[in-house]
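Some notes on the structure that comes next.
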Amino acid sequence: AYYYFFSSQVRRSIVYGDQPRNRLDLYLPINNAGLKPVVVFITGGAWIIGYKAWGSLLGLQLAEKDFIVACIDYRNFPQGTISDMVKDTSQGISFVLNNIAEYGGDPN
């Protein structure tokens, strides 16, 4: 929990859309030289539960291996339909692709 809340390597709750849960966290490697490969993590949860913070251990471990990890939050039931969830995750992935270079990630 300490790492998630206090590490300078974590950029928390970056807004990617207009819904309350349209947020993502980025886990960044210490070494910022060169463009980094990027992993997008979207948690499962049977459409009813799931949080971007569930990817924090994965984010930490892959950041140590020189990856950037984007953990995307999205609406769950009953706040959204399956179509809303697909829209949110697609929008989050698009945001990462279009903006990751600002954080040192390889958009390709």
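Lettering and numbering for the structure tokens are positional, with chains as A, B, ... in the shown order, residues counted from 1 in each chain, and ligands counted from 1 in the shown order.
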
Residue contacts of Ile42 (chain A) (8 Å, only C-alpha atoms) excluding same-chain residues fewer than 5 positions away, as an mmCIF file with C-alpha atoms, in the first residue's frame:
data_model
loop_
_atom_site.group_PDB
_atom_site.id
_atom_site.type_symbol
_atom_site.label_atom_id
_atom_site.label_comp_id
_atom_site.auth_asym_id
_atom_site.auth_seq_id
_atom_site.Cartn_x
_atom_site.Cartn_y
_atom_site.Cartn_z
ATOM 1 C CA LYS A 52 -7.367 -0.315 -11.021
ATOM 2 C CA CYS A 71 -4.076 0.028 -14.980
ATOM 3 C CA ILE A 72 -7.475 1.156 -16.215
ATOM 4 C CA ASP A 73 -10.622 1.617 -14.125
ATOM 5 C CA THR A 89 -11.962 0.257 -21.547
#

Please identify all polymer residues within 12 Å of Gly45 (chain A), counting only C-alpha atoms, omitting same-chain residues fewer than 5 positions from it, and present them as a VMD selection string. chain A and resid 50 to 52 54 73 to 77 85

Write out the residues from the selection above, keeping N, CA and C atoms, as an mmCIF file, in the first residue's frame.
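Writing the result to out38.cif gives the following:
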data_model
loop_
_atom_site.group_PDB
_atom_site.id
_atom_site.type_symbol
_atom_site.label_atom_id
_atom_site.label_comp_id
_atom_site.auth_asym_id
_atom_site.auth_seq_id
_atom_site.Cartn_x
_atom_site.Cartn_y
_atom_site.Cartn_z
ATOM 1 N N GLY A 50 -14.174 -4.664 -9.549
ATOM 2 C CA GLY A 50 -12.830 -4.549 -10.100
ATOM 3 C C GLY A 50 -12.331 -3.128 -9.952
ATOM 4 N N TYR A 51 -11.072 -3.006 -9.610
ATOM 5 C CA TYR A 51 -10.480 -1.694 -9.362
ATOM 6 C C TYR A 51 -9.082 -1.642 -9.956
ATOM 7 N N LYS A 52 -8.686 -0.481 -10.428
ATOM 8 C CA LYS A 52 -7.367 -0.315 -11.021
ATOM 9 C C LYS A 52 -6.262 -0.656 -10.028
ATOM 10 N N TRP A 54 -6.039 -3.058 -8.132
ATOM 11 C CA TRP A 54 -5.755 -4.491 -8.110
ATOM 12 C C TRP A 54 -4.539 -4.836 -8.964
ATOM 13 N N ASP A 73 -9.332 1.796 -14.792
ATOM 14 C CA ASP A 73 -10.622 1.617 -14.125
ATOM 15 C C ASP A 73 -11.739 1.843 -15.136
ATOM 16 N N TYR A 74 -12.881 1.249 -14.883
ATOM 17 C CA TYR A 74 -14.039 1.406 -15.762
ATOM 18 C C TYR A 74 -15.298 1.166 -14.943
ATOM 19 N N ARG A 75 -16.428 1.573 -15.473
ATOM 20 C CA ARG A 75 -17.697 1.375 -14.762
ATOM 21 C C ARG A 75 -18.011 -0.113 -14.647
ATOM 22 N N ASN A 76 -18.527 -0.492 -13.489
ATOM 23 C CA ASN A 76 -19.028 -1.845 -13.254
ATOM 24 C C ASN A 76 -20.546 -1.792 -13.149
ATOM 25 N N PHE A 77 -21.184 -2.956 -13.178
ATOM 26 C CA PHE A 77 -22.618 -3.049 -12.961
ATOM 27 C C PHE A 77 -22.896 -2.736 -11.493
ATOM 28 N N MET A 85 -19.030 -0.562 -20.286
ATOM 29 C CA MET A 85 -17.743 -1.090 -19.841
ATOM 30 C C MET A 85 -16.778 -1.240 -21.011
#

Name the residues of region 5-82 of chain A that come out as alpha helix (DSSP H) in a backbone DSSP run; write them as a ChimeraX atom specification. /A:5-6,56-64,82

Would you put the residues from that selection into a file with N, CA and C atoms, as a PDB file, in the first residue's frame?
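Output saved as part30.pdb:
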ATOM      1  N   PHE A   5       0.579   4.626  -2.699  1.00  0.00           N
ATOM      2  CA  PHE A   5       0.201   5.975  -2.283  1.00  0.00           C
ATOM      3  C   PHE A   5       1.352   6.979  -2.259  1.00  0.00           C
ATOM      4  N   PHE A   6       2.593   6.499  -2.100  1.00  0.00           N
ATOM      5  CA  PHE A   6       3.685   7.439  -1.872  1.00  0.00           C
ATOM      6  C   PHE A   6       4.809   7.390  -2.895  1.00  0.00           C
ATOM      7  N   SER A  56      -1.749  -3.139  -8.875  1.00  0.00           N
ATOM      8  CA  SER A  56      -0.582  -2.452  -8.315  1.00  0.00           C
ATOM      9  C   SER A  56       0.635  -3.358  -8.172  1.00  0.00           C
ATOM     10  N   LEU A  57       0.457  -4.599  -7.753  1.00  0.00           N
ATOM     11  CA  LEU A  57       1.613  -5.495  -7.628  1.00  0.00           C
ATOM     12  C   LEU A  57       2.206  -5.821  -8.988  1.00  0.00           C
ATOM     13  N   LEU A  58       1.355  -6.040  -9.975  1.00  0.00           N
ATOM     14  CA  LEU A  58       1.835  -6.255 -11.339  1.00  0.00           C
ATOM     15  C   LEU A  58       2.568  -5.011 -11.827  1.00  0.00           C
ATOM     16  N   GLY A  59       1.988  -3.846 -11.582  1.00  0.00           N
ATOM     17  CA  GLY A  59       2.623  -2.597 -11.989  1.00  0.00           C
ATOM     18  C   GLY A  59       3.996  -2.425 -11.371  1.00  0.00           C
ATOM     19  N   LEU A  60       4.103  -2.700 -10.088  1.00  0.00           N
ATOM     20  CA  LEU A  60       5.377  -2.591  -9.383  1.00  0.00           C
ATOM     21  C   LEU A  60       6.410  -3.542  -9.975  1.00  0.00           C
ATOM     22  N   GLN A  61       6.029  -4.805 -10.150  1.00  0.00           N
ATOM     23  CA  GLN A  61       6.979  -5.800 -10.640  1.00  0.00           C
ATOM     24  C   GLN A  61       7.427  -5.512 -12.063  1.00  0.00           C
ATOM     25  N   LEU A  62       6.513  -5.116 -12.932  1.00  0.00           N
ATOM     26  CA  LEU A  62       6.903  -4.840 -14.314  1.00  0.00           C
ATOM     27  C   LEU A  62       7.668  -3.525 -14.435  1.00  0.00           C
ATOM     28  N   ALA A  63       7.357  -2.541 -13.604  1.00  0.00           N
ATOM     29  CA  ALA A  63       8.131  -1.293 -13.612  1.00  0.00           C
ATOM     30  C   ALA A  63       9.581  -1.570 -13.224  1.00  0.00           C
ATOM     31  N   GLU A  64       9.793  -2.523 -12.317  1.00  0.00           N
ATOM     32  CA  GLU A  64      11.157  -2.915 -11.948  1.00  0.00           C
ATOM     33  C   GLU A  64      11.893  -3.564 -13.119  1.00  0.00           C
ATOM     34  N   ILE A  82     -22.793  -3.506 -20.048  1.00  0.00           N
ATOM     35  CA  ILE A  82     -21.617  -4.108 -20.676  1.00  0.00           C
ATOM     36  C   ILE A  82     -21.107  -3.210 -21.799  1.00  0.00           C
TER      37      ILE A  82
END

Select, from A:Ile68, A:Leu24, A:Ala53, A:Ala33, the residue with the minimum atom-to-atom distance to Gln9 (chain A), counting only C-alpha atoms. A:Ile68

Nearest candidate to Arg11 (chain A) (options A:Gly80, A:Val40, A:Ile49, A:Tyr103; using only C-alpha atoms):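 Checking each of A:Gly80, A:Val40, A:Ile49, A:Tyr103 against Arg11 (chain A), counting only C-alpha atoms, the winner is A:Tyr103.
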
With DSSP run on the backbone, what are the strand (DSSP E) residues within chain A? I'd like them as a CSV table (one decimal) with C-alpha atoms, in the first residue's frame.
chain,number,residue,atom,x,y,z
A,10,VAL,CA,3.0,5.9,-9.7
A,11,ARG,CA,0.9,8.5,-11.4
A,12,ARG,CA,-2.6,7.9,-9.8
A,13,SER,CA,-6.0,8.6,-11.2
A,14,ILE,CA,-5.2,10.1,-14.6
A,15,VAL,CA,-8.5,11.1,-16.2
A,23,ARG,CA,-9.3,6.9,-14.4
A,24,LEU,CA,-6.1,5.1,-14.8
A,25,ASP,CA,-2.8,4.6,-12.9
A,26,LEU,CA,0.6,4.5,-14.5
A,27,TYR,CA,3.5,2.6,-13.0
A,38,VAL,CA,3.9,-0.6,-22.3
A,39,VAL,CA,1.4,-3.0,-20.7
A,40,VAL,CA,-2.2,-2.1,-20.3
A,41,PHE,CA,-3.9,-4.0,-17.4
A,42,ILE,CA,-7.7,-4.2,-17.2
A,68,ILE,CA,5.4,1.1,-18.1
A,69,VAL,CA,2.1,-0.4,-16.8
A,70,ALA,CA,-1.3,1.4,-17.2
A,71,CYS,CA,-4.1,0.0,-15.0
A,72,ILE,CA,-7.5,1.2,-16.2

Residue with smallest distance to Gly104 (chain A) - pool A:Lys36, A:Asn31, A:Ser90, A:Ser8, counting only C-alpha atoms: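 Residue with the minimum atom-to-atom distance to Gly104 (chain A): A:Lys36.
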
What gap, in Å, lies between CA of Asp106 (chain A) and CA of Phe67 (chain A)? 9.9 Å

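In terms of minimum interatomic distance to Pro29 (chain A), A:Ser7 ranks closest within A:Ser7, A:Gln79, A:Asn99, A:Ser94, counting only C-alpha atoms.
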